[in-house]
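**Q** Input structure: work_2.cif, which contains mmCIF, C-alpha atoms and all ligand atoms.
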```
data_input
#
loop_
_atom_site.label_atom_id
_atom_site.label_comp_id
_atom_site.auth_asym_id
_atom_site.auth_seq_id
_atom_site.Cartn_x
_atom_site.Cartn_y
_atom_site.Cartn_z
CA MET A 261 39.73 -8.31 -5.74
CA SER A 262 38.27 -11.81 -5.58
CA VAL A 263 36.18 -13.10 -2.67
CA ASP A 264 37.57 -15.63 -0.23
CA PRO A 265 35.08 -18.52 0.11
CA ASN A 266 36.79 -19.67 3.28
CA LYS A 267 36.03 -16.42 5.08
CA GLU A 268 32.48 -15.59 4.09
CA VAL A 269 29.40 -17.45 2.92
CA TYR A 270 29.92 -18.11 -0.76
CA TYR A 271 27.16 -19.06 -3.21
CA SER A 272 28.93 -22.09 -4.68
CA SER A 273 30.16 -23.47 -1.40
CA TYR A 274 26.90 -22.98 0.47
CA LEU A 275 24.87 -24.66 -2.27
CA LYS A 276 27.58 -27.16 -3.17
CA ILE A 277 27.19 -26.24 -6.81
CA ASP A 278 30.46 -27.83 -7.94
CA GLU A 279 29.47 -31.14 -6.38
CA LEU A 280 25.95 -30.88 -7.78
CA LEU A 281 27.17 -30.21 -11.31
CA SER A 282 29.57 -33.12 -11.20
CA LEU A 283 26.79 -35.63 -10.57
CA GLN A 284 25.64 -36.13 -14.17
CA GLU A 285 27.51 -39.07 -15.63
CA PRO A 286 26.06 -40.52 -18.83
CA LEU A 287 26.50 -44.27 -19.28
CA SER A 288 26.05 -44.51 -23.03
CA GLY A 289 28.94 -44.33 -25.50
CA GLY A 290 31.28 -46.17 -23.17
CA GLY A 291 32.79 -42.95 -21.83
CA SER A 292 33.53 -41.35 -25.23
CA LYS A 293 30.46 -39.96 -27.00
CA PRO A 294 27.34 -40.30 -24.89
CA ALA A 295 23.88 -40.03 -26.46
CA HIS A 296 22.90 -36.36 -26.53
CA ASP A 297 19.59 -36.80 -24.64
CA GLU A 298 20.99 -38.84 -21.79
CA THR A 299 21.98 -35.62 -20.02
CA LEU A 300 18.37 -34.46 -20.02
CA PHE A 301 17.27 -37.88 -18.80
CA ILE A 302 19.69 -37.76 -15.86
CA ILE A 303 18.99 -34.15 -14.92
CA ILE A 304 15.24 -34.58 -15.00
CA HIS A 305 15.36 -37.63 -12.71
CA GLN A 306 17.71 -35.85 -10.33
CA THR A 307 15.39 -32.84 -10.28
CA TYR A 308 12.44 -35.10 -9.46
CA GLU A 309 14.37 -36.69 -6.62
CA LEU A 310 15.21 -33.24 -5.19
CA TRP A 311 11.53 -32.28 -5.25
CA PHE A 312 10.60 -35.65 -3.71
CA LYS A 313 13.03 -34.78 -0.93
CA GLN A 314 11.29 -31.46 -0.35
CA ILE A 315 7.84 -33.09 -0.39
CA LEU A 316 9.01 -35.71 2.11
CA HIS A 317 10.37 -32.90 4.29
CA GLU A 318 6.96 -31.18 4.32
CA VAL A 319 4.93 -34.35 4.76
CA ALA A 320 7.21 -35.61 7.55
CA SER A 321 6.69 -32.36 9.45
CA ILE A 322 2.89 -32.70 9.15
CA HIS A 323 3.18 -36.35 10.15
CA SER A 324 5.11 -35.36 13.24
CA MET A 325 2.52 -32.72 14.26
CA PHE A 326 -0.30 -35.24 13.92
CA SER A 327 1.63 -37.90 15.83
CA ALA A 328 1.09 -35.94 19.04
CA GLU A 329 -1.79 -36.69 21.42
CA SER A 330 -3.48 -33.45 20.46
CA VAL A 331 -3.07 -31.10 17.51
CA ALA A 332 -3.16 -27.38 18.22
CA GLU A 333 -5.20 -25.07 16.00
CA HIS A 334 -2.13 -23.27 14.62
CA GLN A 335 -0.63 -26.63 13.64
CA ILE A 336 -3.64 -27.35 11.47
CA GLY A 337 -3.07 -24.01 9.72
CA LEU A 338 0.62 -24.75 9.37
CA SER A 339 -0.12 -28.18 7.90
CA VAL A 340 -2.47 -26.61 5.36
CA ALA A 341 0.21 -24.07 4.38
CA ARG A 342 2.77 -26.83 3.92
CA LEU A 343 0.37 -28.97 1.93
CA GLU A 344 -0.29 -25.99 -0.32
CA ARG A 345 3.44 -25.80 -0.93
CA VAL A 346 3.43 -29.51 -1.77
CA HIS A 347 0.62 -28.89 -4.29
CA GLU A 348 2.70 -26.24 -6.07
CA ILE A 349 5.66 -28.60 -6.27
CA GLN A 350 3.43 -31.38 -7.57
CA LYS A 351 2.17 -29.12 -10.35
CA ILE A 352 5.78 -28.59 -11.39
CA LEU A 353 6.32 -32.36 -11.29
CA VAL A 354 3.41 -32.87 -13.66
CA ASP A 355 4.49 -30.01 -15.92
CA GLN A 356 8.07 -31.19 -16.06
CA ILE A 357 7.02 -34.23 -18.07
CA ARG A 358 6.67 -31.84 -21.03
CA VAL A 359 10.38 -31.16 -20.88
CA LEU A 360 11.08 -34.89 -20.93
CA GLU A 361 8.74 -35.31 -23.90
CA THR A 362 11.02 -33.16 -26.05
CA MET A 363 13.07 -36.37 -26.09
CA LYS A 364 11.46 -38.59 -28.72
CA PRO A 365 11.23 -42.42 -28.67
CA LEU A 366 14.13 -42.80 -31.12
CA ASP A 367 16.29 -40.41 -29.05
CA PHE A 368 15.55 -42.57 -26.00
CA LEU A 369 16.54 -45.71 -27.87
CA ASP A 370 20.01 -44.20 -28.33
CA PHE A 371 20.73 -45.06 -24.70
CA ARG A 372 17.80 -47.06 -23.22
CA ASP A 373 19.58 -50.43 -23.46
CA VAL A 374 22.35 -49.40 -21.09
CA LEU A 375 19.85 -48.51 -18.35
CA ALA A 376 18.25 -51.93 -17.70
CA PRO A 377 17.39 -53.08 -15.09
CA ALA A 378 17.37 -49.61 -13.48
CA SER A 379 13.92 -48.00 -13.31
CA GLY A 380 11.78 -45.42 -11.49
CA PHE A 381 10.48 -48.57 -9.76
CA GLN A 382 13.58 -48.20 -7.63
CA SER A 383 12.95 -44.66 -6.43
CA VAL A 384 13.34 -45.08 -2.67
CA GLN A 385 11.97 -41.62 -1.90
CA PHE A 386 8.86 -42.23 -4.00
CA ARG A 387 8.16 -45.45 -2.09
CA LYS A 388 8.79 -43.76 1.25
CA LEU A 389 6.36 -41.04 0.30
CA GLU A 390 3.70 -43.58 -0.65
CA ASN A 391 4.28 -45.38 2.63
CA ILE A 392 4.22 -42.36 4.92
CA LEU A 393 0.97 -41.23 3.30
CA GLY A 394 -0.65 -44.64 3.76
CA LEU A 395 -0.38 -46.72 0.60
CA GLY A 396 -0.14 -50.05 2.46
CA GLU A 397 1.30 -53.10 0.73
CA ASP A 398 -2.18 -54.66 0.55
CA LEU A 399 -3.40 -51.72 -1.54
CA ARG A 400 -0.72 -51.94 -4.20
CA GLU A 401 -0.91 -53.30 -7.70
CA VAL A 402 1.31 -56.39 -7.66
CA TYR A 403 3.41 -57.24 -10.66
CA ASN A 404 4.72 -60.80 -11.21
CA ASN A 405 3.67 -61.75 -7.67
CA GLN A 406 6.58 -59.77 -6.31
CA ALA A 407 6.59 -57.30 -3.46
CA TYR A 408 6.99 -53.68 -4.63
CA HIS A 409 10.42 -53.43 -3.01
CA THR A 410 12.07 -56.56 -4.42
CA LYS A 411 13.93 -54.63 -7.12
CA LEU A 412 15.83 -52.60 -4.54
CA SER A 413 19.25 -53.17 -3.02
CA GLU A 414 19.21 -54.83 0.42
CA GLY A 415 19.87 -51.56 2.24
CA HIS A 416 17.20 -49.67 0.33
CA GLN A 417 14.74 -52.51 0.80
CA GLN A 418 15.14 -52.27 4.55
CA GLU A 419 14.68 -48.49 4.47
CA VAL A 420 11.50 -48.80 2.45
CA ILE A 421 10.11 -51.67 4.55
CA ASP A 422 10.80 -49.69 7.73
CA SER A 423 9.01 -46.65 6.31
CA GLY A 424 5.99 -48.90 5.78
CA LYS A 425 5.94 -49.84 9.47
CA VAL A 426 5.48 -46.27 10.68
CA THR A 427 1.91 -45.21 11.45
CA SER A 428 0.76 -43.57 8.24
CA LEU A 429 -0.52 -40.01 7.87
CA LEU A 430 -3.87 -41.51 6.86
CA THR A 431 -4.12 -43.30 10.22
CA LEU A 432 -3.02 -40.20 12.12
CA ILE A 433 -5.69 -38.14 10.35
CA ASP A 434 -8.23 -40.83 11.16
CA ARG A 435 -7.33 -40.66 14.86
CA TRP A 436 -7.48 -36.88 14.81
CA LEU A 437 -10.93 -37.00 13.21
CA CYS A 438 -12.07 -39.49 15.84
CA ARG A 439 -11.20 -36.92 18.50
CA THR A 440 -13.40 -34.25 16.90
CA PRO A 441 -15.65 -32.78 19.56
CA PHE A 442 -19.18 -31.40 18.93
CA LEU A 443 -20.66 -34.47 17.25
CA GLN A 444 -22.62 -35.34 20.34
CA VAL A 445 -23.38 -32.56 22.75
CA GLU A 446 -26.19 -31.84 25.17
CA GLY A 447 -29.38 -31.75 23.12
CA PHE A 448 -27.73 -32.54 19.77
CA ASP A 449 -26.62 -35.78 18.21
CA PHE A 450 -25.20 -35.04 14.77
CA TRP A 451 -25.46 -38.58 13.44
CA GLU A 452 -29.04 -39.11 14.57
CA SER A 453 -30.18 -35.71 13.24
CA TYR A 454 -28.38 -36.21 9.94
CA LYS A 455 -29.81 -39.70 9.55
CA GLU A 456 -33.30 -38.38 10.18
CA LYS A 457 -32.90 -35.66 7.55
CA VAL A 458 -31.50 -38.05 4.99
CA SER A 459 -34.18 -40.66 5.64
CA GLY A 460 -36.90 -38.10 5.12
CA ARG A 461 -35.27 -36.76 1.98
CA LEU A 462 -34.45 -40.02 0.29
CA GLU A 463 -37.23 -42.30 1.40
CA GLY A 464 -37.02 -44.35 -1.77
CA GLU A 465 -33.33 -44.24 -2.35
CA ILE A 466 -32.32 -45.21 1.15
CA LYS A 467 -33.99 -48.58 0.70
CA ASP A 468 -31.93 -49.14 -2.39
CA SER A 469 -28.76 -50.92 -1.31
CA ASP A 470 -26.79 -49.33 -4.18
CA SER A 471 -27.33 -45.79 -2.95
CA GLY A 472 -24.61 -46.28 -0.34
CA PHE A 473 -26.66 -44.71 2.43
CA GLU A 474 -27.72 -48.11 3.66
CA TYR A 475 -24.19 -49.05 4.56
CA LEU A 476 -23.32 -45.57 5.77
CA PHE A 477 -25.89 -45.96 8.52
CA ASN A 478 -24.89 -49.51 9.37
CA GLU A 479 -21.49 -49.74 11.02
CA GLU A 480 -21.09 -53.45 10.37
CA MET A 481 -21.87 -53.09 6.68
CA TYR A 482 -19.61 -50.04 6.44
CA ASN A 483 -16.69 -51.94 7.97
CA SER A 484 -17.23 -54.89 5.63
CA ARG A 485 -16.41 -52.65 2.64
CA ASN A 486 -12.70 -52.40 3.38
CA LYS A 487 -12.88 -48.67 3.93
CA ARG A 488 -9.63 -46.96 4.89
CA LEU A 489 -11.34 -44.39 7.08
CA SER A 490 -12.90 -45.72 10.29
CA TYR A 491 -16.64 -45.37 10.88
CA LYS A 492 -16.17 -42.74 13.56
CA ALA A 493 -13.70 -40.72 11.48
CA THR A 494 -16.13 -40.84 8.55
CA GLN A 495 -18.87 -39.31 10.70
CA ALA A 496 -16.51 -36.57 11.88
CA ALA A 497 -15.30 -35.79 8.36
CA LEU A 498 -18.88 -35.58 7.14
CA PHE A 499 -19.71 -33.20 9.99
CA ILE A 500 -16.77 -31.00 8.97
CA PHE A 501 -17.81 -31.09 5.31
CA LEU A 502 -21.42 -30.24 6.07
CA TYR A 503 -20.78 -27.48 8.58
CA ARG A 504 -17.57 -26.08 7.11
CA GLU A 505 -18.96 -22.55 7.27
CA GLN A 506 -18.74 -22.57 11.05
CA PRO A 507 -15.50 -20.67 11.82
CA ILE A 508 -13.91 -23.40 13.93
CA LEU A 509 -14.36 -25.92 11.14
CA HIS A 510 -12.69 -23.80 8.42
CA MET A 511 -9.16 -25.07 9.00
CA PRO A 512 -10.09 -28.73 9.53
CA TYR A 513 -12.07 -28.46 6.30
CA LYS A 514 -9.12 -26.93 4.46
CA LEU A 515 -6.87 -29.63 5.81
CA LEU A 516 -9.09 -32.43 4.49
CA GLN A 517 -9.38 -30.66 1.15
CA SER A 518 -5.60 -30.20 0.96
CA LEU A 519 -5.02 -33.90 1.59
CA MET A 520 -7.41 -34.77 -1.22
CA THR A 521 -5.74 -32.27 -3.54
CA MET A 522 -2.36 -33.80 -2.80
CA ASP A 523 -3.73 -37.26 -3.59
CA GLU A 524 -5.33 -35.97 -6.76
CA LEU A 525 -2.10 -34.31 -7.92
CA PHE A 526 -0.17 -37.55 -7.39
CA THR A 527 -2.78 -39.24 -9.55
CA SER A 528 -2.29 -36.49 -12.16
CA TRP A 529 1.43 -37.19 -12.10
CA ARG A 530 0.88 -40.94 -12.45
CA SER A 531 -1.53 -40.38 -15.35
CA ARG A 532 0.85 -38.01 -17.14
CA HIS A 533 3.75 -40.39 -16.54
CA VAL A 534 1.84 -43.33 -18.01
CA GLN A 535 0.74 -41.28 -21.04
CA MET A 536 4.33 -40.30 -21.64
CA VAL A 537 5.48 -43.92 -21.18
CA HIS A 538 2.85 -45.12 -23.67
CA ARG A 539 4.17 -42.77 -26.34
CA MET A 540 7.80 -43.40 -25.48
CA LEU A 541 7.67 -47.21 -25.24
CA GLY A 542 4.42 -48.32 -26.83
CA ARG A 543 3.77 -51.74 -25.29
CA LYS A 544 7.41 -52.60 -24.56
CA MET A 545 8.22 -53.88 -21.09
CA GLY A 546 9.76 -51.42 -18.64
CA THR A 547 13.47 -51.54 -17.86
CA GLY A 548 12.39 -52.53 -14.34
CA GLY A 549 10.67 -55.63 -15.76
CA SER A 550 7.01 -54.66 -15.46
CA SER A 551 4.51 -54.75 -18.32
CA GLY A 552 5.14 -51.00 -18.59
CA TYR A 553 2.02 -49.18 -19.80
CA ASP A 554 -0.47 -51.73 -18.41
CA TYR A 555 1.12 -51.85 -14.97
CA LEU A 556 1.36 -48.06 -14.71
CA ARG A 557 -2.23 -47.55 -15.89
CA LYS A 558 -3.41 -49.75 -13.04
CA THR A 559 -1.31 -47.94 -10.43
CA ALA A 560 -2.70 -44.59 -11.63
CA GLU A 561 -6.20 -45.92 -11.01
CA LYS A 562 -5.50 -47.78 -7.80
CA HIS A 563 -2.71 -46.06 -5.86
CA LYS A 564 -4.74 -43.47 -4.04
CA VAL A 565 -4.76 -42.85 -0.32
CA PHE A 566 -7.51 -40.40 0.64
CA THR A 567 -10.29 -41.73 -1.63
CA ASP A 568 -12.65 -42.32 1.28
CA LEU A 569 -12.70 -38.57 1.86
CA MET A 570 -13.61 -38.01 -1.79
CA ASP A 571 -16.39 -40.59 -1.52
CA LEU A 572 -18.02 -38.49 1.18
CA SER A 573 -19.48 -36.12 -1.41
CA THR A 574 -22.00 -38.90 -2.04
CA TYR A 575 -23.57 -38.07 1.29
CA LEU A 576 -23.73 -34.31 1.16
CA ILE A 577 -27.19 -32.79 1.35
CA PRO A 578 -28.20 -29.22 0.48
CA ARG A 579 -27.40 -26.56 3.10
CA SER A 580 -31.07 -25.73 3.37
CA GLU A 581 -31.77 -29.23 4.63
CA LEU A 582 -28.98 -29.53 7.18
CA PRO A 583 -30.03 -30.26 10.73
CA GLU A 584 -30.10 -26.98 12.63
CA LEU A 585 -27.32 -26.70 15.21
CA PRO A 586 -28.34 -25.66 18.73
CA GLU A 587 -27.46 -22.01 19.51
CA GLU A 588 -25.05 -23.02 22.26
CA LEU A 589 -23.09 -25.25 19.87
CA LYS A 590 -23.07 -22.54 17.18
CA ARG A 591 -21.54 -20.14 19.68
CA THR A 592 -18.82 -22.64 20.51
CA LEU A 593 -18.13 -23.38 16.86
CA GLY A 594 -17.82 -19.65 16.32
CA PHE A 595 -14.84 -19.32 18.60
CA TYR A 596 -12.73 -22.30 19.21
CA TYR A 597 -12.09 -25.78 17.88
CA GLY A 598 -10.54 -27.38 20.95
CA ASN A 599 -9.81 -30.72 19.38
CA GLY A 600 -8.07 -32.44 22.29
C1 LIG B 701 11.79 -41.84 -20.77
C2 LIG B 701 11.24 -41.59 -19.61
C3 LIG B 701 10.59 -42.64 -18.76
C4 LIG B 701 10.13 -43.87 -19.09
C5 LIG B 701 10.13 -44.53 -20.45
C6 LIG B 701 9.62 -44.47 -17.89
C7 LIG B 701 9.08 -45.74 -17.81
C8 LIG B 701 8.64 -46.35 -16.67
C9 LIG B 701 8.12 -47.68 -16.58
C10 LIG B 701 7.93 -48.62 -17.78
C11 LIG B 701 7.82 -47.94 -15.31
C12 LIG B 701 7.27 -49.24 -14.73
C13 LIG B 701 8.35 -50.01 -14.05
C14 LIG B 701 9.28 -50.67 -15.01
O1 LIG B 701 8.95 -51.75 -15.50
O2 LIG B 701 10.34 -50.10 -15.27
C15 LIG B 701 8.14 -46.76 -14.56
C16 LIG B 701 7.95 -46.62 -13.22
C17 LIG B 701 8.22 -45.48 -12.53
N1 LIG B 701 8.79 -44.32 -13.02
FE1 LIG B 701 9.20 -43.92 -14.94
N2 LIG B 701 9.74 -43.58 -16.86
C18 LIG B 701 10.34 -42.46 -17.34
C19 LIG B 701 10.65 -41.32 -16.63
C20 LIG B 701 10.46 -41.17 -15.28
C21 LIG B 701 10.81 -39.99 -14.53
C22 LIG B 701 11.42 -38.70 -15.08
C23 LIG B 701 10.49 -40.24 -13.25
C24 LIG B 701 10.73 -39.32 -12.11
C25 LIG B 701 11.29 -39.72 -11.00
C26 LIG B 701 9.92 -41.58 -13.18
C27 LIG B 701 9.49 -42.21 -12.03
C28 LIG B 701 8.93 -43.45 -11.98
C29 LIG B 701 8.41 -44.04 -10.78
C30 LIG B 701 8.35 -43.39 -9.41
C31 LIG B 701 7.94 -45.31 -11.11
C32 LIG B 701 7.26 -46.32 -10.20
C33 LIG B 701 5.78 -46.18 -10.40
C34 LIG B 701 4.95 -47.20 -9.64
O3 LIG B 701 5.42 -48.33 -9.37
O4 LIG B 701 3.79 -46.87 -9.33
N3 LIG B 701 9.91 -42.10 -14.43
N4 LIG B 701 8.63 -45.80 -15.42
#
```
In structure tokens, write the structure found in this file.
Ligand code: HEM
**A**
Amino acid sequence: MSVDPNKEVYYSSYLKIDELLSLQEPLSGGGSKPAHDETLFIIIHQTYELWFKQILHEVASIHSMFSAESVAEHQIGLSVARLERVHEIQKILVDQIRVLETMKPLDFLDFRDVLAPASGFQSVQFRKLENILGLGEDLREVYNNQAYHTKLSEGHQQEVIDSGKVTSLLTLIDRWLCRTPFLQVEGFDFWESYKEKVSGRLEGEIKDSDSGFEYLFNEEMYNSRNKRLSYKATQAALFIFLYREQPILHMPYKLLQSLMTMDELFTSWRSRHVQMVHRMLGRKMGTGGSSGYDYLRKTAEKHKVFTDLMDLSTYLIPRSELPELPEELKRTLGFYYGNG
């Protein structure tokens, strides 16, 4: 007896498998004999877009939690868990390039001409993801003096531009860091104590303007360096990095680490993509009209969002030299974070 999909939940109907499998329509061969590898090319892009959708779903939920006036402790844990899921997806995205590389440059040439001017340049979800994370227009590599969204249809352009107007996750994290308590409590001023320790430790180096410490301790100089993280947020992040072993700081620390890992994995994807493009196209221009390899190489280097957090390692000092926290503060850090 066969099942009745109208009466009970049915695998194909629930997952819309028939619709999904009818979405691969090769363009080459004029409808008769498409190039063999075009199917792989279509399926791999569609798979990427599905994963982008899932990543956006996770990131949007974190964005929404951090949009609130205060972030509850369990929401920090939840954000970390979701970012860890994003990391796993990103690893698949990087790995998946190997499948694409089973298509060789000559196989690609069997259908490449019919694709122009379509390009990954036009991935709306990818641009939305960059925007929600905080890759502002001013931070982007510009090609041919054109805005990054000019190659999109009018409707898509609007969607992407609108996504760029929303307060980014980077800014929300900055605000959350600025609300970190404990940096200045009765009898303890983190910044002053840290500065004192560093000055003693690096007497010579601190006078050297290249060491970076000089501008770290001078708000005006810090702000003149076009940093993406505000001065106050930088102090808070450094506090979290230095005292991460205090129980209350565990989750905030993991959150900052997870954001950096996500950034790093996007860079890994960009680097793998550009390596693959180099082998596939050599120095040919992209179908989207960019210089191809050269443009992508620059974006892999430049299109990063949470680099200021990574830079903070410059200012870490050995545990043994950390300013001692007052007992009262240690007790508080042992129990509750209370970031209001
Ligand atoms: C044969 C395989 C591929 C080749 C030769 C290729 C080539 C290129 C080139 C040359 C560009 C620069 C823009 C242009 O001028 O077109 C580009 C951008 C891009 N590609 Fe690919 N690509 C391939 C596969 C993929 C796949 C599977 C994805 C997954 C979605 C992808 C996503 C992107 C994205 C998101 C960009 C924009 C990058 C940015 O502006 O930072 N590409 N691709």
**Q** Need to verify the contact set: A:Lys564, 12 Å, only C-alpha atoms, exclusion of same-chain residues closer than 6 positions in sequence. Can you return it as JSON, numbers by chain?
**A** {"A": [390, 391, 393, 394, 395, 396, 399, 400, 401, 430, 488, 519, 520, 521, 522, 523, 524, 525, 526, 527, 528, 529, 530, 558, 570]}
**Q** Quick one: residues within 9 Å of stretch 302-311 of chain A, only C-alpha atoms counted, chain neighbours fewer than 3 positions away excluded, as a PyMOL selection string?
**A** chain A and resi 284-286+297-299+314-316+349-350+353+356-357+359-360+380+383+385-386
**Q** Find the residue from A:Pro586, A:Gly546, A:Gly447, A:Pro265 that sits nearest to ligand LIG 701 (chain B); use all atoms listed in the file when measuring.
**A** A:Gly546
**Q** So how far away is atom CA of A:Thr431 from atom C12 of ligand LIG 701 (chain B), in Å?
**A**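 Here the two named atoms are 28.1 Å from each other.
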**Q** Interatomic distance between atom CA of A:Glu480 and atom CA of A:Arg461?
**A**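 Straight-line distance from atom CA of A:Glu480 to atom CA of A:Arg461 works out to 23.5 Å.
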**Q** Could you tell me which of A:Ala295, A:Ala341, A:Val534, A:Leu437 comes closest to A:Lys492 if we count all atoms listed in the file?
**A**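 Between A:Ala295, A:Ala341, A:Val534, A:Leu437, the residue approaching A:Lys492 most closely is A:Leu437.
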**Q** Can you sort out the box for stretch 509-522 of chain A, edges along x, y and z, all listed atoms in, 5 Å on every side, with centre and edge lengths in Å to one decimal, as JSON?
**A**
```
{"center_x": -8.4, "center_y": -29.3, "center_z": 3.8, "size_x": 22.0, "size_y": 21.0, "size_z": 24.7}
```
**Q** Would you please work out which residue, of A:Arg439, A:Leu476, A:Arg345, A:Gln335, is nearest to A:His317 when using only C-alpha atoms?
**A**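 Checking each of A:Arg439, A:Leu476, A:Arg345, A:Gln335 against A:His317, counting only C-alpha atoms, the winner is A:Arg345.
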**Q** Between A:Asp367, A:Glu344, A:Glu329, A:Glu318, which is the closest to ligand LIG 701 (chain B) once you count only C-alpha atoms and all ligand atoms?
**A**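 Closest candidate: A:Asp367.
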**Q** Write out as a list in words the residues lying within 10 Å of A:Ala376, counting only C-alpha atoms and excluding same-chain residues fewer than 5 positions away.
**A**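 Here the qualifying residues turn out to be Gly546, Thr547, Gly548 and Gly549 of chain A.
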**Q** Could you tell me which of A:Ser379, A:Leu283, A:Tyr555, A:Lys457 comes closest to A:Asn404 if we count all atoms listed in the file?
**A** A:Tyr555
**Q** Quick check, in Å to one decimal: how far apart do atom N2 of ligand LIG 701 (chain B) and atom CA of A:Met536 lie?
**A**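 Straight-line distance from atom N2 of ligand LIG 701 (chain B) to atom CA of A:Met536 works out to 7.9 Å.
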**Q** Find the residue from A:Val420, A:Leu576, A:Ile433, A:Leu343 that sits nearest to A:Phe473; use all atoms listed in the file when measuring.
**A**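 Of all the options, A:Leu576 lies closest to A:Phe473.
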**Q** Just the residues within 8 Å of stretch 494-501 of chain A, please, counting only C-alpha atoms, with nothing from its chain fewer than 5 positions along; format it as a list in words.
**A** Leu437, Cys438, Thr440, Leu443, Phe450, Trp451, Leu489, Leu509, Pro512, Tyr513, Leu569, Leu572, Tyr575 and Leu576 of chain A
